[in-house]
Each structure stands twice: as structure tokens, then as C-alpha cells.
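> I have a structure here, written as C-alpha cells, and I will follow up with some questions on it.
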Amino acid sequence: MSSSSGDLPPHLLHVLPTAQSVELIGAFGGKLRHTLVTSDGTLPEGLQAASYIKPARNFPALEGLPLPGRMQKMARAMTAFDLVLTHGPGALDVAMAHTMFKDVMNLPALIHHEHDPDQKRSLKRTWYRRIALGKSAGIVVPGERLEEAALVDWQQPMGRVKRISPGIDTKAFAKKPKRDGFRLIKHPGEMWVGVWADSADQQGVSMLFRAFAEMETDWQLIVLGENIQTAALDAEIDRLELVDRGYFPGIPRDATKVIGLFDIFVKTAPCREFPVHMVEAMAAAVPVLAVRDGEADQLLAEANREWLFDANAESTLAANLRSLAQDKPLRSAIGEANRLRAMQELDRAKTIATFRRLYASAMKREF
């Protein structure tokens, strides 16, 4: 374990860091030293080598059988650090090595981060997680679904599981974007319903088009995301005669230039992961229609929660769209409540401060 004496900043080992890790490293700056273990041995996009940032050299391979010799090598590689941060299922062998050798090698604290629900759930993987995380100082999850998995499936103590929502730059989304700053131009008098979907949500998008078909012709439907448009969906759009009112512009380079152009944001599927684009819409003061689930219920402002609908409840979605479309003051009131909620609870600065406290507590050392 790295000594905390002297003037050197604490030294963190990041195993399979994410984009959020890059943000945190940038926010903490030179107050910490960072060594990163990545799948290809290079620094992630957004980071450049510096005196306090470097890629790991000769770290044991992350893939392989969890045999004692391999686990011991991994454990030995952790001894030079003040804190180990592991991310996702690909880093669980590092967590297992930490659990096996923490006491005998006096290893630093380890905090594990899970970002998305496991797509390969099995009893074997569940048991492996239970054991591997047994001596971790914390398990960070972004939302309710993973929090439940950590507490119930992985049987981790409540005090070990830390639910920290990914923060966004709420000030950037609060600025009203230009009508022509996106690849589509929002003309005067036009109103936009927006959705950010993926290939797994094609059924929900089709339902949204059917619900949208009853709206006045000054409303347009903007579908962000990729791999959504299929022959079946195109046929449905043709049948509904919405070819000139539905658009698929793909993924915007800068979400701040389009989210705030929406007059209503729709989330057509239950949350499989943290709904960052819904939170962006909240920060942009946009009212949200979303499938009712624990995640949306907790994130949205109270004024917005009555506008949730059950999965596949097409008639409710259509009625909610019509009601909000006809009441601009109501849309504004709900949107403002969402903006305040996002600013107070989901801002990036608050998230960074929460991580700072968590990491400092695990190291027993402020920075």
C-alpha cells in the first residue's frame, strides 16, 4: 500500500475507467495521481499523459482463469496505490484478487463501480460478484435497478452500496439553443416532441408514432439515436401519413444544441440504465412523458410524475401528449420544476463532490 506520508498526492489505480472517470480525473486535477489500466493499454479519449496521469505498464492481464498465481500477481500490482477503482464486470478479477489478498498484503481500499445492468446474468456470475466484492470499501451504482441487484442478488451490505447518479452540466442545458444550431431547423410556429431511443426500443418508437398521429400538424416528432429506423417502422409511418412530420437525425454531436428545442420529451421504454437523456431534458426545462418505473419516479420533479404512463399504454401516452400539447403554461410549469430538480439533485458539481468525499473516506486522506 502506498505511503500517505510526504508531499506526493494520493495515487489511484483505475481499472477499465469510463467516460465518467475521465470527467472526475479532469475535475480532481493534480490533487491526485492516476494510473489507468485500459483494454488496449492507452489512455482513454479526453486524457493526455501528464505528470499525474499515465497508463499502467505491465499490469497483469484482465482475462484468464481466477487461479491463485494470477490473483496473487494482480494483488501485488495494487500495493503501490492508495486507492483502487474498478469498473464493470471486466474488472471483477481485480476485485477478487483484492478480496483474496487484502489482509495478507495490506492492500489499499477498493471501490467497485457498476454502470449498466449485466447482460449475461447467470447464477455463476452472481456468486462470483458476491465473493469478489466481499472486502470492497464501496460499490457505486447509478440507479435503482443496479442498487437492487447489489443489495439483493449480490447480497452486499446496505452501507457498502453507494447510489450516485451521473451528473450533467445543468447550466449548459438550461441555455436555450438556437433554432438553426442543429442539423434540423426548428421553424417559427413548429413544436417538437423529442425521443432519444436505441435499436432495442423500436417497438416503443412505433407506439409513439401511433400516439403522435392524433396531434395537430404544427407538431413534429424528432427521433434521436441510431439503428432505429427499420422497414417495419417506415411502413408504419407511411400508413399513419407522418412521413413529412417524423425525422431521424441520428445522434447529435452536442446534445445541448437540440434537447432544449423539444417542447415535450418522451421516454418510451423502462430504464435499462441510467436515463441520462431524460435528465438532460429535465435540465433544459422540458416536460417529460415516461414509462412508469422506479427510476423515472424518483428522478422527475413531483409535478411531472403524474404524467408517467404504464408500459405499452398507448392510449394513455396519446392522451398525455394531447393534454400537454394544448397547454403551454402547464408545459412551462412542469419544465421549470424539472429544471430546478435537475439543478439541485443531478448537477455534475454535486456528483463530483460526492465522489470526492467517497474516495477521501476510503483512503482516510483528504485531497
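Letters for chains follow the order of the C-alpha cells (A, B, ...), residue numbers begin at 1 for each chain, and ligand numbers begin at 1 in the order shown.
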Do you know which residues are at most 9 Å from Gln229 (chain A) counting only C-alpha atoms, after dropping those on the same chain fewer than 6 positions away, and could you put them as an mmCIF file with C-alpha atoms, in the first residue's frame?

```cif
data_model
loop_
_atom_site.group_PDB
_atom_site.id
_atom_site.type_symbol
_atom_site.label_atom_id
_atom_site.label_comp_id
_atom_site.auth_asym_id
_atom_site.auth_seq_id
_atom_site.Cartn_x
_atom_site.Cartn_y
_atom_site.Cartn_z
ATOM 1 C CA SER A 199 -32.367 -0.336 -31.517
ATOM 2 C CA GLN A 202 -38.138 0.105 -31.882
ATOM 3 C CA PHE A 248 -34.466 10.595 -37.680
#
```
> Among region 123-295 of chain A, which ones does DSSP assign to strand (DSSP E or B) (computed from the backbone)? Answer as a ChimeraX atom specification.
/A:138-141,161-163,168,191-196,219-224,246-250,264-267,288-291
> Determine which residues of region 198-311 of chain A DSSP labels as alpha helix (DSSP H) from the backbone of this structure, then write them out as a ChimeraX atom specification.
/A:202-212,231-239,276-283,294-299,302-305
> Using only C-alpha atoms, which residue out of A:Leu242, A:Ala200, A:Ala109, A:Ala283 lies closest to Ala269 (chain A)?
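With only C-alpha atoms as the atom set, the closest residue is A:Ala200.
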> Please report, as a Markdown table, each residue of region 138-182 of chain A lying at most 12 Å from region 22-45 of chain A, together with the nearest pair of atoms and the separation in Å rounded to one decimal; use only C-alpha atoms, and order rows by chain and ascending residue number.

```
| residue | atom | partner | partner_atom | distance |
| --- | --- | --- | --- | --- |
| A:Pro166 | CA | A:Glu23 | CA | 10.6 |
| A:Gly167 | CA | A:Glu23 | CA | 10.1 |
| A:Ile168 | CA | A:Glu23 | CA | 10.5 |
| A:Asp169 | CA | A:Glu23 | CA | 11.3 |
```
> How about saving the chosen residues, C-alpha atoms kept, as a PDB file, in the first residue's frame?

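Saved to result-v8.pdb:
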```pdb
ATOM      1  CA  PRO A 166     -24.209  10.546 -13.068  1.00  0.00           C
ATOM      2  CA  GLY A 167     -24.164  14.325 -13.005  1.00  0.00           C
ATOM      3  CA  ILE A 168     -24.665  16.543 -16.030  1.00  0.00           C
ATOM      4  CA  ASP A 169     -23.776  20.142 -16.775  1.00  0.00           C
TER       5      ASP A 169
END
```
> Might you pull out every residue within 8 Å of Met363 (chain A), with only C-alpha atoms counted and same-chain residues fewer than 4 positions away left off, and present them as a VMD selection string?
chain A and resid 82 to 83 108 to 109 359
> Would you mind exporting the chosen residues as a PDB file, in the first residue's frame, restricted to N, CA and C atoms?

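Heads up, here's the output in result_7.pdb:
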```
ATOM      1  N   ASP A  82      -2.857   4.084  -3.360  1.00  0.00           N
ATOM      2  CA  ASP A  82      -3.626   4.478  -2.180  1.00  0.00           C
ATOM      3  C   ASP A  82      -5.097   4.099  -2.290  1.00  0.00           C
ATOM      4  N   LEU A  83      -5.569   3.873  -3.519  1.00  0.00           N
ATOM      5  CA  LEU A  83      -6.967   3.503  -3.741  1.00  0.00           C
ATOM      6  C   LEU A  83      -7.078   2.827  -5.095  1.00  0.00           C
ATOM      7  N   PRO A 108      -4.559  -1.550  -0.503  1.00  0.00           N
ATOM      8  CA  PRO A 108      -5.363  -0.330  -0.327  1.00  0.00           C
ATOM      9  C   PRO A 108      -6.845  -0.640  -0.479  1.00  0.00           C
ATOM     10  N   ALA A 109      -7.676   0.296  -0.094  1.00  0.00           N
ATOM     11  CA  ALA A 109      -9.121   0.139  -0.266  1.00  0.00           C
ATOM     12  C   ALA A 109      -9.470   0.044  -1.744  1.00  0.00           C
ATOM     13  N   TYR A 359     -14.117   8.873  -2.085  1.00  0.00           N
ATOM     14  CA  TYR A 359     -12.736   8.438  -2.274  1.00  0.00           C
ATOM     15  C   TYR A 359     -11.862   8.852  -1.095  1.00  0.00           C
TER      16      TYR A 359
END
```
> Find, counting only C-alpha atoms, the residue in A:His112, A:Gly181, A:Ala149, A:Gln155 that gets nearest to Ala137 (chain A).
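Smallest distance to Ala137 (chain A) is found for A:His112.
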> Could you please determine the separation between CA of Asp293 (chain A) and CA of Glu144 (chain A) in Å, to one decimal place?
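These atoms are spaced 9.6 Å apart.
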> At a cut-off of 9 Å, using only C-alpha atoms, what residues contact His87 (chain A)? Leave out same-chain residues fewer than 5 positions from it and give the result as a PyMOL selection string.
chain A and resi 14-18+92+111-115
> Nearest to Ser165 (chain A) among A:Leu85, A:Val140, A:Leu47, A:Ile228, with distances taken over only C-alpha atoms: which residue is it?
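Once distances to Ser165 (chain A) are computed over only C-alpha atoms, the minimum belongs to A:Val140.
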> Using only C-alpha atoms, which residue out of A:Ile264, A:Ala325, A:Ala342, A:Cys271 lies closest to Asp116 (chain A)?
A:Cys271
> Find the residue from A:Met96, A:Thr230, A:Gly46, A:Gly189 that sits nearest to Gln20 (chain A); use only C-alpha atoms when measuring.
A:Gly46
> Between CA of Glu236 (chain A) and CA of Glu216 (chain A), what is the spacing in Å?
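So the answer is 18.6 Å.
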